[in-house]
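Q: entry.pdb is the file, holding PDB, C-alpha atoms, pLDDT in the B column:
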ATOM      1  CA  MET A   1      85.030  50.237 164.486  1.00 40.00           C
ATOM      2  CA  ASN A   2      81.260  49.850 164.098  1.00 56.00           C
ATOM      3  CA  LYS A   3      80.019  49.273 160.587  1.00 70.00           C
ATOM      4  CA  LYS A   4      77.406  51.600 159.195  1.00 93.00           C
ATOM      5  CA  LYS A   5      74.063  49.825 158.986  1.00 96.00           C
ATOM      6  CA  ILE A   6      71.580  50.120 156.150  1.00 98.00           C
ATOM      7  CA  ALA A   7      68.387  48.276 155.234  1.00 98.00           C
ATOM      8  CA  ILE A   8      67.471  47.064 151.770  1.00 98.00           C
ATOM      9  CA  GLY A   9      64.389  45.459 150.303  1.00 98.00           C
ATOM     10  CA  CYS A  10      62.788  44.572 146.992  1.00 98.00           C
ATOM     11  CA  ASP A  11      59.972  42.751 145.306  1.00 97.00           C
ATOM     12  CA  GLU A  12      60.466  40.096 142.638  1.00 97.00           C
ATOM     13  CA  ALA A  13      60.540  42.742 139.883  1.00 96.00           C
ATOM     14  CA  ALA A  14      63.774  44.189 141.246  1.00 97.00           C
ATOM     15  CA  TYR A  15      65.565  41.276 142.839  1.00 97.00           C
ATOM     16  CA  ASP A  16      68.557  41.528 140.498  1.00 97.00           C
ATOM     17  CA  LEU A  17      69.047  45.247 141.173  1.00 98.00           C
ATOM     18  CA  LYS A  18      68.771  44.664 144.922  1.00 98.00           C
ATOM     19  CA  VAL A  19      71.503  42.019 144.783  1.00 98.00           C
ATOM     20  CA  VAL A  20      73.846  44.372 142.920  1.00 98.00           C
ATOM     21  CA  LEU A  21      73.153  47.280 145.283  1.00 98.00           C
ATOM     22  CA  LYS A  22      73.516  45.091 148.362  1.00 98.00           C
ATOM     23  CA  ASP A  23      76.917  43.909 147.135  1.00 98.00           C
ATOM     24  CA  HIS A  24      77.896  47.511 146.355  1.00 98.00           C
ATOM     25  CA  LEU A  25      76.921  48.639 149.858  1.00 98.00           C
ATOM     26  CA  GLU A  26      78.866  45.821 151.471  1.00 97.00           C
ATOM     27  CA  LYS A  27      81.944  46.767 149.431  1.00 97.00           C
ATOM     28  CA  LEU A  28      81.525  50.316 150.766  1.00 97.00           C
ATOM     29  CA  GLY A  29      81.679  48.933 154.309  1.00 96.00           C
ATOM     30  CA  TYR A  30      77.987  48.831 155.183  1.00 97.00           C
ATOM     31  CA  GLU A  31      76.357  46.111 157.218  1.00 97.00           C
ATOM     32  CA  VAL A  32      73.253  45.405 155.131  1.00 98.00           C
ATOM     33  CA  LYS A  33      70.030  43.928 156.488  1.00 98.00           C
ATOM     34  CA  ASP A  34      68.043  42.378 153.650  1.00 98.00           C
ATOM     35  CA  PHE A  35      64.267  42.517 154.060  1.00 97.00           C
ATOM     36  CA  GLY A  36      63.598  40.477 150.882  1.00 89.00           C
ATOM     37  CA  ALA A  37      62.396  39.329 148.459  1.00 94.00           C
ATOM     38  CA  ASN A  38      64.502  36.262 147.923  1.00 94.00           C
ATOM     39  CA  LYS A  39      65.289  34.820 144.488  1.00 95.00           C
ATOM     40  CA  GLY A  40      62.100  33.479 142.922  1.00 93.00           C
ATOM     41  CA  GLU A  41      59.915  34.682 145.788  1.00 93.00           C
ATOM     42  CA  VAL A  42      56.792  36.630 144.873  1.00 93.00           C
ATOM     43  CA  VAL A  43      55.922  39.255 147.470  1.00 95.00           C
ATOM     44  CA  LEU A  44      53.644  42.246 147.755  1.00 96.00           C
ATOM     45  CA  TYR A  45      55.944  45.265 147.536  1.00 97.00           C
ATOM     46  CA  PRO A  46      53.894  47.219 150.111  1.00 98.00           C
ATOM     47  CA  ASP A  47      54.763  44.583 152.726  1.00 98.00           C
ATOM     48  CA  VAL A  48      58.494  44.904 152.059  1.00 98.00           C
ATOM     49  CA  ALA A  49      58.362  48.713 151.939  1.00 98.00           C
ATOM     50  CA  ALA A  50      56.406  48.888 155.192  1.00 98.00           C
ATOM     51  CA  SER A  51      58.828  46.544 156.970  1.00 98.00           C
ATOM     52  CA  VAL A  52      61.832  48.584 155.886  1.00 98.00           C
ATOM     53  CA  ALA A  53      60.172  51.934 156.607  1.00 98.00           C
ATOM     54  CA  LYS A  54      59.061  50.806 160.086  1.00 98.00           C
ATOM     55  CA  ALA A  55      62.653  49.803 160.864  1.00 98.00           C
ATOM     56  CA  VAL A  56      63.858  53.231 159.728  1.00 98.00           C
ATOM     57  CA  ALA A  57      61.141  55.027 161.712  1.00 97.00           C
ATOM     58  CA  ALA A  58      62.084  52.981 164.795  1.00 98.00           C
ATOM     59  CA  GLY A  59      65.697  54.143 164.489  1.00 97.00           C
ATOM     60  CA  GLU A  60      67.108  50.708 163.659  1.00 97.00           C
ATOM     61  CA  PHE A  61      68.582  52.176 160.457  1.00 97.00           C
ATOM     62  CA  GLU A  62      69.378  55.754 159.497  1.00 95.00           C
ATOM     63  CA  ARG A  63      68.921  54.963 155.819  1.00 97.00           C
ATOM     64  CA  ALA A  64      67.484  52.345 153.501  1.00 98.00           C
ATOM     65  CA  VAL A  65      67.187  51.337 149.858  1.00 98.00           C
ATOM     66  CA  LEU A  66      64.027  49.975 148.247  1.00 98.00           C
ATOM     67  CA  THR A  67      63.725  48.575 144.731  1.00 98.00           C
ATOM     68  CA  CYS A  68      60.750  47.467 142.672  1.00 98.00           C
ATOM     69  CA  GLY A  69      59.773  47.726 139.010  1.00 97.00           C
ATOM     70  CA  THR A  70      59.578  51.524 139.005  1.00 98.00           C
ATOM     71  CA  GLY A  71      60.432  52.505 142.596  1.00 98.00           C
ATOM     72  CA  ILE A  72      57.149  54.381 142.787  1.00 98.00           C
ATOM     73  CA  GLY A  73      55.094  51.853 144.727  1.00 97.00           C
ATOM     74  CA  MET A  74      57.866  51.364 147.264  1.00 98.00           C
ATOM     75  CA  ALA A  75      58.142  55.122 147.810  1.00 98.00           C
ATOM     76  CA  ILE A  76      54.388  55.604 148.135  1.00 98.00           C
ATOM     77  CA  THR A  77      54.163  52.830 150.716  1.00 98.00           C
ATOM     78  CA  ALA A  78      57.244  53.871 152.688  1.00 98.00           C
ATOM     79  CA  ASN A  79      55.923  57.417 152.895  1.00 97.00           C
ATOM     80  CA  LYS A  80      52.807  56.124 154.674  1.00 96.00           C
ATOM     81  CA  ILE A  81      54.912  55.271 157.717  1.00 97.00           C
ATOM     82  CA  PRO A  82      55.117  58.248 160.103  1.00 96.00           C
ATOM     83  CA  GLY A  83      58.585  59.733 160.312  1.00 96.00           C
ATOM     84  CA  VAL A  84      59.757  58.416 156.953  1.00 97.00           C
ATOM     85  CA  ARG A  85      60.639  60.344 153.810  1.00 98.00           C
ATOM     86  CA  ALA A  86      61.305  58.194 150.754  1.00 98.00           C
ATOM     87  CA  ALA A  87      62.213  59.421 147.280  1.00 98.00           C
ATOM     88  CA  VAL A  88      62.404  57.802 143.866  1.00 98.00           C
ATOM     89  CA  CYS A  89      65.592  58.914 142.134  1.00 98.00           C
ATOM     90  CA  HIS A  90      66.660  58.503 138.516  1.00 96.00           C
ATOM     91  CA  ASP A  91      69.239  61.279 138.172  1.00 97.00           C
ATOM     92  CA  SER A  92      72.131  62.704 140.173  1.00 97.00           C
ATOM     93  CA  PHE A  93      70.431  65.981 141.048  1.00 97.00           C
ATOM     94  CA  SER A  94      67.351  64.305 142.536  1.00 97.00           C
ATOM     95  CA  ALA A  95      69.535  61.814 144.459  1.00 97.00           C
ATOM     96  CA  GLN A  96      71.488  64.664 146.020  1.00 97.00           C
ATOM     97  CA  ARG A  97      68.469  66.862 146.703  1.00 96.00           C
ATOM     98  CA  ALA A  98      66.505  63.975 148.213  1.00 97.00           C
ATOM     99  CA  ARG A  99      68.982  64.177 151.098  1.00 96.00           C
ATOM    100  CA  LYS A 100      70.109  67.803 151.098  1.00 95.00           C
ATOM    101  CA  SER A 101      66.676  69.409 150.694  1.00 95.00           C
ATOM    102  CA  ASN A 102      64.229  66.747 151.855  1.00 95.00           C
ATOM    103  CA  ASP A 103      66.192  64.709 154.396  1.00 96.00           C
ATOM    104  CA  ALA A 104      64.992  61.480 152.720  1.00 97.00           C
ATOM    105  CA  GLN A 105      66.095  58.449 154.688  1.00 98.00           C
ATOM    106  CA  ILE A 106      65.023  56.011 151.962  1.00 98.00           C
ATOM    107  CA  ILE A 107      66.010  56.015 148.312  1.00 98.00           C
ATOM    108  CA  CYS A 108      63.911  54.038 145.838  1.00 98.00           C
ATOM    109  CA  PHE A 109      64.902  52.712 142.436  1.00 98.00           C
ATOM    110  CA  GLY A 110      63.026  50.994 139.638  1.00 97.00           C
ATOM    111  CA  GLU A 111      64.863  48.097 137.996  1.00 97.00           C
ATOM    112  CA  ARG A 112      62.719  48.466 134.876  1.00 97.00           C
ATOM    113  CA  VAL A 113      63.640  52.133 134.423  1.00 96.00           C
ATOM    114  CA  ILE A 114      67.232  52.550 135.600  1.00 96.00           C
ATOM    115  CA  GLY A 115      70.493  50.857 134.714  1.00 96.00           C
ATOM    116  CA  VAL A 116      72.636  49.119 137.302  1.00 97.00           C
ATOM    117  CA  GLU A 117      75.667  51.411 136.992  1.00 98.00           C
ATOM    118  CA  LEU A 118      73.504  54.520 137.221  1.00 98.00           C
ATOM    119  CA  ALA A 119      71.751  53.110 140.293  1.00 98.00           C
ATOM    120  CA  LYS A 120      75.104  52.491 141.999  1.00 98.00           C
ATOM    121  CA  ASN A 121      76.265  56.009 141.119  1.00 98.00           C
ATOM    122  CA  LEU A 122      73.052  57.578 142.436  1.00 98.00           C
ATOM    123  CA  LEU A 123      73.264  55.513 145.599  1.00 98.00           C
ATOM    124  CA  ASP A 124      76.800  56.819 146.172  1.00 98.00           C
ATOM    125  CA  ILE A 125      75.666  60.416 145.674  1.00 98.00           C
ATOM    126  CA  TRP A 126      72.755  59.926 148.067  1.00 98.00           C
ATOM    127  CA  LEU A 127      74.950  58.258 150.697  1.00 97.00           C
ATOM    128  CA  GLU A 128      77.499  61.087 150.520  1.00 96.00           C
ATOM    129  CA  SER A 129      74.832  63.785 150.888  1.00 95.00           C
ATOM    130  CA  GLU A 130      73.538  65.106 154.190  1.00 93.00           C
ATOM    131  CA  PHE A 131      70.545  67.259 155.051  1.00 93.00           C
ATOM    132  CA  SER A 132      71.650  70.866 154.663  1.00 90.00           C
ATOM    133  CA  GLY A 133      68.947  72.422 156.837  1.00 89.00           C
ATOM    134  CA  GLY A 134      68.891  76.138 156.084  1.00 91.00           C
ATOM    135  CA  GLY A 135      65.948  77.162 153.923  1.00 91.00           C
ATOM    136  CA  SER A 136      64.860  73.541 153.591  1.00 92.00           C
ATOM    137  CA  ALA A 137      64.446  73.008 157.344  1.00 93.00           C
ATOM    138  CA  PRO A 138      61.077  74.804 157.620  1.00 92.00           C
ATOM    139  CA  LYS A 139      59.787  72.861 154.613  1.00 93.00           C
ATOM    140  CA  VAL A 140      60.752  69.500 156.061  1.00 94.00           C
ATOM    141  CA  GLN A 141      59.253  70.594 159.373  1.00 94.00           C
ATOM    142  CA  ARG A 142      56.005  71.433 157.566  1.00 94.00           C
ATOM    143  CA  ILE A 143      55.974  67.925 156.087  1.00 93.00           C
ATOM    144  CA  CYS A 144      56.330  66.580 159.628  1.00 93.00           C
ATOM    145  CA  ASP A 145      53.549  68.891 160.840  1.00 93.00           C
ATOM    146  CA  TYR A 146      51.139  67.626 158.180  1.00 93.00           C
ATOM    147  CA  GLU A 147      52.099  64.079 158.983  1.00 92.00           C
ATOM    148  CA  ALA A 148      51.383  64.624 162.678  1.00 91.00           C
ATOM    149  CA  GLU A 149      48.060  66.288 161.871  1.00 92.00           C
ATOM    150  CA  TYR A 150      46.829  63.403 159.755  1.00 90.00           C
ATOM    151  CA  ASN A 151      48.224  60.609 161.928  1.00 85.00           C
ATOM    152  CA  LYS A 152      46.354  61.576 165.087  1.00 80.00           C
TER     153      LYS A 152
END
Reformat the file's structure so that it appears as structure tokens.
A:
Amino acid sequence: MNKKKIAIGCDEAAYDLKVVLKDHLEKLGYEVKDFGANKGEVVLYPDVAASVAKAVAAGEFERAVLTCGTGIGMAITANKIPGVRAAVCHDSFSAQRARKSNDAQIICFGERVIGVELAKNLLDIWLESEFSGGGSAPKVQRICDYEAEYNK
């Protein structure tokens, strides 16, 4: 049986949360590729987010997790990569809707604004959710259309 693959990355502000989420994913049966940062390593979060998002856009991973102080910078950067939709989530409804309504392949968390147990719970919700299509499909397609227009 092939393991499900998922990417994960962080900056130094969210190293501890990344370690917990990586362990959680491995316990769920995922093969996790860690894009950094390592303990004590100072990195620019845009570099980590771009590396992870490029791997997702290239089809190496269907999904990924990014963590930083707030999750915001990681999401902004990841969303600059064509073909990627990243969402910061701090509650169960947004974690579910990030997938079901927006087909987000990357979930972002902020270690400074979310507790570890909540992050694990939201990650589970997001992993269990799938894009529902329906009325959301034309909206996601419009996002892709705008992306194509501005990435010519």
Q: Please evaluate the PyMOL selection byres ((chain A and resi 18) around 12) against the displayed coordinates and give the resulting residues as a tab-separated table (two decimals) with C-alpha atoms, in the coordinates of the input.
A:
chain	number	residue	atom	x	y	z
A	7	ALA	CA	68.39	48.28	155.23
A	8	ILE	CA	67.47	47.06	151.77
A	9	GLY	CA	64.39	45.46	150.30
A	10	CYS	CA	62.79	44.57	146.99
A	11	ASP	CA	59.97	42.75	145.31
A	12	GLU	CA	60.47	40.10	142.64
A	13	ALA	CA	60.54	42.74	139.88
A	14	ALA	CA	63.77	44.19	141.25
A	15	TYR	CA	65.56	41.28	142.84
A	16	ASP	CA	68.56	41.53	140.50
A	17	LEU	CA	69.05	45.25	141.17
A	19	VAL	CA	71.50	42.02	144.78
A	20	VAL	CA	73.85	44.37	142.92
A	21	LEU	CA	73.15	47.28	145.28
A	22	LYS	CA	73.52	45.09	148.36
A	23	ASP	CA	76.92	43.91	147.14
A	24	HIS	CA	77.90	47.51	146.35
A	25	LEU	CA	76.92	48.64	149.86
A	32	VAL	CA	73.25	45.40	155.13
A	33	LYS	CA	70.03	43.93	156.49
A	34	ASP	CA	68.04	42.38	153.65
A	35	PHE	CA	64.27	42.52	154.06
A	36	GLY	CA	63.60	40.48	150.88
A	37	ALA	CA	62.40	39.33	148.46
A	38	ASN	CA	64.50	36.26	147.92
A	39	LYS	CA	65.29	34.82	144.49
A	64	ALA	CA	67.48	52.34	153.50
A	65	VAL	CA	67.19	51.34	149.86
A	66	LEU	CA	64.03	49.98	148.25
A	67	THR	CA	63.72	48.58	144.73
A	68	CYS	CA	60.75	47.47	142.67
A	69	GLY	CA	59.77	47.73	139.01
A	71	GLY	CA	60.43	52.50	142.60
A	108	CYS	CA	63.91	54.04	145.84
A	109	PHE	CA	64.90	52.71	142.44
A	110	GLY	CA	63.03	50.99	139.64
A	111	GLU	CA	64.86	48.10	138.00
A	116	VAL	CA	72.64	49.12	137.30
A	119	ALA	CA	71.75	53.11	140.29
A	120	LYS	CA	75.10	52.49	142.00
A	123	LEU	CA	73.26	55.51	145.60
Q: Name the closest residue to Gly135 (chain A) among the candidates A:Pro82, A:Asn102, A:Gly40, A:Glu62; distances are taken between atoms, counting all atoms listed in the file.
A: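 Nearest to Gly135 (chain A): A:Asn102.
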Q: Figure out the distance between CA of Ile125 (chain A) and CA of Ala57 (chain A), please, to one decimal in Å.
A: 22.3 Å
Q: One number please: CA of Ile143 (chain A) to CA of Leu118 (chain A), in Å, one decimal.
A: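 Computing it gives 29.0 Å between the two atoms.
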Q: For Ser129 (chain A), which residue among A:Ile106, A:Ala50, A:Ala98, A:Cys89 is the nearest when counting all atoms listed in the file?
A: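 Going through A:Ile106, A:Ala50, A:Ala98, A:Cys89 one by one, the smallest distance to Ser129 (chain A) is for A:Ala98.
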Q: Would you kindly return, as a list in words, each protein, DNA or RNA residue with an atom no farther than 10 Å from any atom of Arg99 (chain A), considering all atoms listed in the file and excluding same-chain residues fewer than 4 positions away?
A: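 Counting only the stated atoms, we get Arg85, Ala86, Ala87, Ser94, Ala95, Asp103, Ala104, Gln105, Ile106, Ile107, Ile125, Trp126, Leu127, Glu128, Ser129, Glu130, Phe131 and Ser132 of chain A.
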Q: Can you write just those residues out, C-alpha atoms, as a PDB file, in the coordinates of the input?
A:
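Result file is selection-v1.pdb:
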ATOM      1  CA  ARG A  85      60.639  60.344 153.810  1.00 98.00           C
ATOM      2  CA  ALA A  86      61.305  58.194 150.754  1.00 98.00           C
ATOM      3  CA  ALA A  87      62.213  59.421 147.280  1.00 98.00           C
ATOM      4  CA  SER A  94      67.351  64.305 142.536  1.00 97.00           C
ATOM      5  CA  ALA A  95      69.535  61.814 144.459  1.00 97.00           C
ATOM      6  CA  ASP A 103      66.192  64.709 154.396  1.00 96.00           C
ATOM      7  CA  ALA A 104      64.992  61.480 152.720  1.00 97.00           C
ATOM      8  CA  GLN A 105      66.095  58.449 154.688  1.00 98.00           C
ATOM      9  CA  ILE A 106      65.023  56.011 151.962  1.00 98.00           C
ATOM     10  CA  ILE A 107      66.010  56.015 148.312  1.00 98.00           C
ATOM     11  CA  ILE A 125      75.666  60.416 145.674  1.00 98.00           C
ATOM     12  CA  TRP A 126      72.755  59.926 148.067  1.00 98.00           C
ATOM     13  CA  LEU A 127      74.950  58.258 150.697  1.00 97.00           C
ATOM     14  CA  GLU A 128      77.499  61.087 150.520  1.00 96.00           C
ATOM     15  CA  SER A 129      74.832  63.785 150.888  1.00 95.00           C
ATOM     16  CA  GLU A 130      73.538  65.106 154.190  1.00 93.00           C
ATOM     17  CA  PHE A 131      70.545  67.259 155.051  1.00 93.00           C
ATOM     18  CA  SER A 132      71.650  70.866 154.663  1.00 90.00           C
TER      19      SER A 132
END
Q: For a test of reading the model, state the distance in Å between CA of Gln96 (chain A) and CA of Ser136 (chain A), rounded to one decimal.
A: 13.4 Å
Q: Compare A:Ile6, A:Ile114, A:Met74, A:Ala137 by their minimum atom-to-atom distance to Gly59 (chain A), counting all atoms listed in the file, and give me the closest one.
A: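 Closest residue, counting all atoms listed in the file: A:Ile6.
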Q: When the PyMOL selection byres ((chain A and resi 145-147) around 12) is applied to the structure above, which residues does it catch, written out as a list in words?
A: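 Expected selection for the PyMOL selection byres ((chain A and resi 145-147) around 12) here is Asn79, Lys80, Ile81, Pro82, Gly83, Val84, Arg85, Pro138, Lys139, Val140, Gln141, Arg142, Ile143, Cys144, Ala148, Glu149, Tyr150, Asn151 and Lys152 of chain A.
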Q: Please determine, counting only C-alpha atoms, which residue among A:Val52, A:Glu41, A:Asp124, A:His90 has the shortest atom-to-atom distance to Arg112 (chain A).
A: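 So, comparing all the options, the nearest one is A:His90.
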Q: Can you list, as a list in words, every protein, DNA or RNA residue that comes within 7 Å of Lys5 (chain A) when you count only C-alpha atoms, leaving out same-chain residues fewer than 3 positions away?
A: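 Contacts, in chain order: Tyr30, Glu31, Val32 and Phe61 of chain A.
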Q: Would you mind telling me which residue in A:Gly73, A:Tyr45, A:Lys54, A:Glu117 lies nearest to Val88 (chain A) when using all atoms listed in the file?
A: A:Gly73
